[in-house]
$ cat start.txt   # compact mmCIF, C-alpha atoms
# COMPACT_ATOMS: atom_id res chain seq x y z
CA MET A 1 6.87 -14.98 -3.36
CA GLN A 2 9.65 -14.16 -5.84
CA GLY A 3 11.33 -17.48 -5.08
CA THR A 4 8.08 -19.35 -5.73
CA LEU A 5 7.58 -17.62 -9.11
CA SER A 6 11.16 -18.47 -10.11
CA PHE A 7 10.57 -22.10 -9.16
CA LYS A 8 7.35 -22.19 -11.21
CA ARG A 9 9.09 -20.70 -14.26
CA SER A 10 11.92 -23.21 -13.89
CA THR A 11 9.41 -26.06 -13.68
CA LEU A 12 7.59 -24.86 -16.82
CA ARG A 13 10.87 -24.57 -18.74
CA ARG A 14 11.82 -28.10 -17.75
CA PHE A 15 8.38 -29.34 -18.75
CA THR A 16 8.66 -27.65 -22.18
CA THR A 17 12.15 -29.05 -22.72
CA HIS A 18 11.05 -32.55 -21.86
CA THR A 19 7.99 -32.22 -24.11
CA LEU A 20 10.14 -31.17 -27.08
CA PHE A 21 12.46 -34.02 -26.31
CA LEU A 22 9.53 -36.44 -26.48
CA ASN A 23 8.25 -35.02 -29.78
CA ASN A 24 11.65 -35.02 -31.49
CA ASN A 25 12.80 -38.37 -30.19
CA SER A 26 9.65 -40.49 -30.32
CA THR A 27 11.60 -43.47 -31.61
CA ILE A 28 13.94 -43.43 -28.66
CA MET A 29 11.09 -43.00 -26.18
CA ALA A 30 9.07 -45.77 -27.77
CA SER A 31 11.95 -48.18 -27.35
CA SER A 32 12.47 -47.12 -23.78
CA ALA A 33 9.24 -47.50 -21.82
CA VAL A 34 11.17 -47.39 -18.57
CA SER A 35 12.66 -44.00 -19.43
CA LYS A 36 9.26 -42.60 -20.38
CA GLN A 37 7.72 -43.90 -17.20
CA SER A 38 10.54 -42.35 -15.20
CA TYR A 39 10.06 -39.05 -17.02
CA LEU A 40 6.34 -39.00 -16.31
CA HIS A 41 6.99 -39.89 -12.70
CA ASN A 42 9.42 -36.98 -12.37
CA LEU A 43 7.01 -34.63 -14.11
CA VAL A 44 4.25 -35.55 -11.67
CA ILE A 45 6.59 -34.90 -8.75
CA LEU A 46 7.68 -31.51 -10.14
CA THR A 47 4.11 -30.46 -10.88
CA THR A 48 3.00 -31.50 -7.41
CA LEU A 49 5.85 -29.55 -5.84
CA ALA A 50 4.96 -26.47 -7.88
CA LEU A 51 1.32 -26.66 -6.83
CA PHE A 52 2.37 -27.22 -3.23
CA CYS A 53 4.56 -24.11 -3.27
CA VAL A 54 1.78 -22.03 -4.83
CA SER A 55 -0.72 -23.23 -2.22
CA LYS A 56 1.73 -22.43 0.60
CA THR A 57 2.23 -18.94 -0.81
CA CYS A 58 -1.52 -18.37 -0.98
CA LEU A 59 -1.95 -19.56 2.57
CA ALA A 60 0.84 -17.27 3.76
CA GLU A 61 -0.65 -14.29 1.95
CA ASN A 62 -4.10 -14.99 3.35
CA SER A 63 -2.90 -15.63 6.90
CA GLU A 64 -1.54 -12.10 7.47
CA PRO A 65 -4.88 -10.29 6.92
CA HIS A 66 -6.52 -12.94 9.08
CA GLN A 67 -4.14 -12.19 11.95
CA VAL A 68 -4.79 -8.46 11.63
CA GLU A 69 -8.53 -9.09 11.59
CA CYS A 70 -8.20 -11.31 14.64
CA GLY A 71 -6.27 -8.63 16.52
CA ASP A 72 -8.68 -5.96 15.38
CA ASP A 73 -11.69 -7.99 16.54
CA PHE A 74 -10.02 -8.58 19.90
CA ILE A 75 -9.44 -4.85 20.34
CA LYS A 76 -13.03 -4.03 19.39
CA THR A 77 -14.39 -6.60 21.84
CA SER A 78 -12.07 -5.49 24.63
CA CYS A 79 -12.79 -1.80 24.07
CA GLY A 80 -16.51 -2.54 24.01
CA VAL A 81 -16.55 -3.30 27.74
CA THR A 82 -14.74 -0.08 28.73
CA ARG A 83 -16.45 3.21 29.54
CA TYR A 84 -15.02 4.85 26.41
CA PRO A 85 -15.11 2.28 23.59
CA GLU A 86 -14.75 4.73 20.70
CA LEU A 87 -11.67 6.46 22.11
CA CYS A 88 -10.25 3.07 23.06
CA TYR A 89 -10.54 1.67 19.54
CA GLN A 90 -9.33 4.91 17.96
CA LYS A 91 -6.10 4.82 19.98
CA LEU A 92 -5.42 1.07 19.82
CA SER A 93 -6.57 -0.15 16.40
CA ALA A 94 -3.22 0.75 14.82
CA TYR A 95 -1.54 -1.77 17.15
CA ALA A 96 -3.64 -4.79 16.10
CA ASP A 97 -0.61 -6.64 14.70
CA ALA A 98 1.36 -6.23 17.91
CA ILE A 99 -1.52 -6.96 20.29
CA GLU A 100 -3.11 -9.88 18.39
CA ASP A 101 -5.37 -11.47 21.06
CA ASN A 102 -3.04 -11.11 24.05
CA PRO A 103 -4.57 -9.32 27.11
CA THR A 104 -1.15 -8.49 28.60
CA ARG A 105 0.01 -6.86 25.38
CA LEU A 106 -3.28 -4.98 25.21
CA ALA A 107 -2.77 -3.56 28.72
CA ASN A 108 0.87 -2.76 27.98
CA VAL A 109 0.14 -0.91 24.72
CA THR A 110 -2.74 1.00 26.32
CA LEU A 111 -0.55 2.03 29.24
CA SER A 112 2.16 3.21 26.83
CA GLU A 113 -0.36 5.22 24.81
CA THR A 114 -1.77 6.75 28.01
CA LEU A 115 1.69 7.76 29.23
CA LYS A 116 2.52 9.34 25.86
CA ASN A 117 -0.69 11.40 25.90
CA THR A 118 -0.21 12.41 29.54
CA GLU A 119 3.34 13.63 28.88
CA SER A 120 2.27 15.66 25.84
CA THR A 121 -0.63 17.18 27.81
CA LEU A 122 1.70 18.14 30.66
CA THR A 123 4.05 19.83 28.17
CA MET A 124 1.14 21.74 26.65
CA VAL A 125 -0.12 22.97 30.03
CA GLN A 126 3.40 24.04 31.08
CA LYS A 127 3.86 26.05 27.88
CA LEU A 128 0.46 27.66 28.38
CA LEU A 129 1.49 28.73 31.87
CA GLU A 130 4.78 30.18 30.62
CA LYS A 131 3.56 32.04 27.54
CA ARG A 132 0.19 33.50 28.50
CA LYS A 133 -0.38 36.45 30.78
CA LEU A 134 -2.73 35.04 33.36
CA ARG A 135 -4.39 36.40 36.44
CA PRO A 136 -2.75 35.19 39.64
CA ARG A 137 -5.73 32.98 40.46
CA ASP A 138 -5.74 31.41 37.01
CA ALA A 139 -1.99 30.87 37.09
CA GLY A 140 -2.31 29.24 40.51
CA ALA A 141 -4.92 26.77 39.24
CA ILE A 142 -2.74 25.84 36.26
CA ARG A 143 0.33 25.43 38.48
CA ASP A 144 -1.67 23.06 40.69
CA CYS A 145 -2.68 21.13 37.58
CA VAL A 146 0.94 20.92 36.41
CA GLU A 147 1.93 19.54 39.81
CA THR A 148 -0.74 16.85 39.83
CA MET A 149 -0.03 15.97 36.20
CA ASN A 150 3.65 15.56 37.05
CA ASP A 151 2.59 13.08 39.71
CA SER A 152 0.43 11.30 37.15
CA VAL A 153 3.35 10.97 34.73
CA ASP A 154 5.58 9.57 37.49
CA GLU A 155 2.98 6.97 38.45
CA LEU A 156 2.42 5.90 34.85
CA GLN A 157 6.19 5.65 34.30
CA LYS A 158 6.52 3.37 37.33
CA SER A 159 3.68 1.29 35.95
CA MET A 160 5.41 0.98 32.57
CA LEU A 161 8.63 -0.12 34.23
CA ALA A 162 6.81 -2.77 36.24
CA MET A 163 4.90 -3.99 33.16
CA SER A 164 8.19 -4.64 31.40
CA ASP A 165 9.14 -7.28 33.98
CA LEU A 166 6.15 -9.42 34.94
CA GLU A 167 7.80 -12.82 34.82
CA GLY A 168 8.02 -15.04 37.88
CA PRO A 169 5.97 -15.73 41.00
CA ASP A 170 5.46 -12.04 41.86
CA PHE A 171 3.10 -11.41 38.92
CA ASP A 172 0.01 -10.77 41.05
CA MET A 173 1.86 -8.48 43.45
CA GLU A 174 3.36 -6.47 40.60
CA MET A 175 -0.03 -6.16 38.92
CA ILE A 176 -1.55 -4.90 42.18
CA ASN A 177 1.19 -2.26 42.38
CA ILE A 178 0.54 -1.26 38.77
CA ARG A 179 -3.19 -0.98 39.45
CA THR A 180 -2.47 1.22 42.49
CA TRP A 181 -0.24 3.56 40.48
CA VAL A 182 -2.65 3.84 37.57
CA SER A 183 -5.53 4.50 39.97
CA ALA A 184 -3.48 7.25 41.61
CA ALA A 185 -2.74 8.76 38.18
CA LEU A 186 -6.46 8.85 37.43
CA THR A 187 -7.11 10.58 40.77
CA ASP A 188 -4.47 13.20 39.95
CA GLU A 189 -6.07 13.91 36.59
CA ASP A 190 -9.51 14.24 38.18
CA THR A 191 -8.02 16.63 40.77
CA CYS A 192 -6.62 18.80 38.00
CA MET A 193 -10.02 19.04 36.32
CA ASP A 194 -11.77 19.76 39.63
CA GLY A 195 -9.50 22.75 40.13
CA PHE A 196 -10.77 24.29 36.92
CA GLU A 197 -14.42 23.65 37.72
CA GLU A 198 -14.28 26.03 40.67
CA ASN A 199 -12.21 28.66 38.89
CA SER A 200 -13.59 31.49 36.80
CA MET A 201 -10.59 31.70 34.50
CA ASP A 202 -10.78 32.57 30.83
CA ALA A 203 -13.26 30.14 29.25
CA LYS A 204 -11.03 29.46 26.22
CA VAL A 205 -8.02 28.58 28.37
CA LYS A 206 -10.13 26.42 30.67
CA ASP A 207 -11.79 24.53 27.81
CA THR A 208 -8.45 23.94 26.04
CA ILE A 209 -6.82 22.46 29.13
CA ARG A 210 -9.86 20.44 30.16
CA SER A 211 -10.23 18.90 26.69
CA TYR A 212 -6.71 17.47 26.93
CA ILE A 213 -7.03 16.39 30.56
CA VAL A 214 -10.37 14.68 29.89
CA THR A 215 -8.83 12.59 27.09
CA VAL A 216 -5.91 11.60 29.31
CA ALA A 217 -8.26 10.68 32.16
CA GLN A 218 -10.39 8.56 29.83
CA LEU A 219 -7.32 6.75 28.51
CA THR A 220 -6.17 6.13 32.09
CA SER A 221 -9.60 4.71 32.89
CA ILE A 222 -9.33 2.35 29.90
CA THR A 223 -5.86 1.28 31.02
CA LEU A 224 -7.15 0.58 34.51
CA ALA A 225 -9.95 -1.59 33.10
CA PHE A 226 -7.48 -3.73 31.13
CA ILE A 227 -5.16 -4.05 34.14
CA ASN A 228 -8.06 -5.12 36.34
CA ASN A 229 -8.90 -7.74 33.73
CA LEU A 230 -5.42 -9.26 34.12
CA LEU A 231 -5.99 -9.69 37.87
CA HIS A 232 -9.23 -11.66 37.46
$ encode --input "start.txt" --output "structure tokens"
Amino acid sequence: MQGTLSFKRSTLRRFTTHTLFLNNNSTIMASSAVSKQSYLHNLVILTTLALFCVSKTCLAENSEPHQVECGDDFIKTSCGVTRYPELCYQKLSAYADAIEDNPTRLANVTLSETLKNTESTLTMVQKLLEKRKLRPRDAGAIRDCVETMNDSVDELQKSMLAMSDLEGPDFDMEMINIRTWVSAALTDEDTCMDGFEENSMDAKVKDTIRSYIVTVAQLTSITLAFINNLLH
């Protein structure tokens, strides 16, 4: 944009200089129709170039918001067919520029976001187990949850690794493997929550853990939906 403004200023200065030249040297210009015609021709070219550069700058400025809007609309539409559209859009809308309207990027970003949330939830549950004085039964249920969540993280990590290399004739096979791992991660998260349903642990502890696990399970479900879409 700065280069365009400099060009426009340069063009205006040249125009002013030529105009003064015409006013102060009318006799010379009158006796030289060819020179005047050449001057006007050059002025038209310069003016056209200036307008062309301005129009290109406007188009460039307007194209970026359009791309973001396009990506944002794609995310809204894609999230709308999942079981948790609001959570889906909340987590993914910030990545509209990167995703644009690409289903593979959408699945990849969602998987990455799911893995990040699963890892942070696992860390939170582990710290809760270490710092709080819990009844043996409660501690046992949380330890079981930590174990299944560890499995979930491993499966999501394998999925991320496979998603980073989907080129070649093995695309469908790799996607089937990814779907299997993500499905297993979702099962692990459901198993963790089931363990708390049958346990009479402290309600505050149970609700805190379940709120995190539920979000992770919902994100995993969204990821699975986008991966299934790539296999259709």
$ residues_around --input "start.txt" --residues "segment 130-143 of chain A" --least-positions-apart "6" --cutoff "7 Å" --atoms "only C-alpha atoms" --output "count of residues only"
3
$ closest_residue --input "start.txt" --among "A:Met160, A:Leu128, A:Ala98, A:Leu122" --to "Thr148 of chain A" --atoms "all atoms listed in the file"
A:Leu122
$ closest_residue --input "start.txt" --among "A:Ser200, A:Met163, A:Val205, A:Gly71" --to "Ala107 of chain A" --atoms "only C-alpha atoms"
A:Met163
$ residues_near_point --input "start.txt" --point "(-2.7, -1.2, 21.5)" --cutoff "8 Å" --atoms "all atoms listed in the file" --output "list in words"
Ile75, Lys91, Leu92, Ser93, Ala94, Tyr95, Ala96, Ala98, Ile99, Arg105, Leu106, Ala107, Asn108, Val109, Thr110 and Glu113 of chain A
$ closest_residue --input "start.txt" --among "A:Ala184, A:Ile222, A:Ile209, A:Cys79" --to "Lys127 of chain A" --atoms "only C-alpha atoms"
A:Ile209
$ closest_residue --input "start.txt" --among "A:Leu161, A:Met149, A:Leu231, A:Met193" --to "Thr208 of chain A" --atoms "all atoms listed in the file"
A:Met193
$ atom_distance --input "start.txt" --atom1 "atom CA of Pro103 of chain A" --atom2 "atom CA of Ser211 of chain A"
28.8 Å
$ residues_near_point --input "start.txt" --point "(-10.0, 5.8, 31.1)" --cutoff "9 Å" --atoms "all atoms listed in the file" --output "list in words"
Thr82, Arg83, Tyr84, Cys88, Thr114, Leu186, Val214, Thr215, Val216, Ala217, Gln218, Leu219, Thr220, Ser221, Ile222, Thr223, Leu224 and Ala225 of chain A
$ closest_residue --input "start.txt" --among "A:Cys192, A:Ala185, A:Ile176, A:Ala203" --to "His232 of chain A" --atoms "all atoms listed in the file"
A:Ile176
$ axis_aligned_box --input "start.txt" --around "segment 135-147 of chain A" --padding-each-side "8 Å" --output "AutoDock Vina command-line options"
--center_x -1.9 --center_y 28.0 --center_z 38.5 --size_x 23.7 --size_y 32.9 --size_z 20.4
$ closest_residue --input "start.txt" --among "A:Asp101, A:Asp170, A:Glu119, A:Asp144" --to "Gln157 of chain A" --atoms "only C-alpha atoms"
A:Glu119
$ atom_distance --input "start.txt" --atom1 "atom CA of Asn102 of chain A" --atom2 "atom CA of Gly168 of chain A"
18.1 Å
$ atom_distance --input "start.txt" --atom1 "atom CA of Leu115 of chain A" --atom2 "atom CA of Leu156 of chain A"
6.0 Å
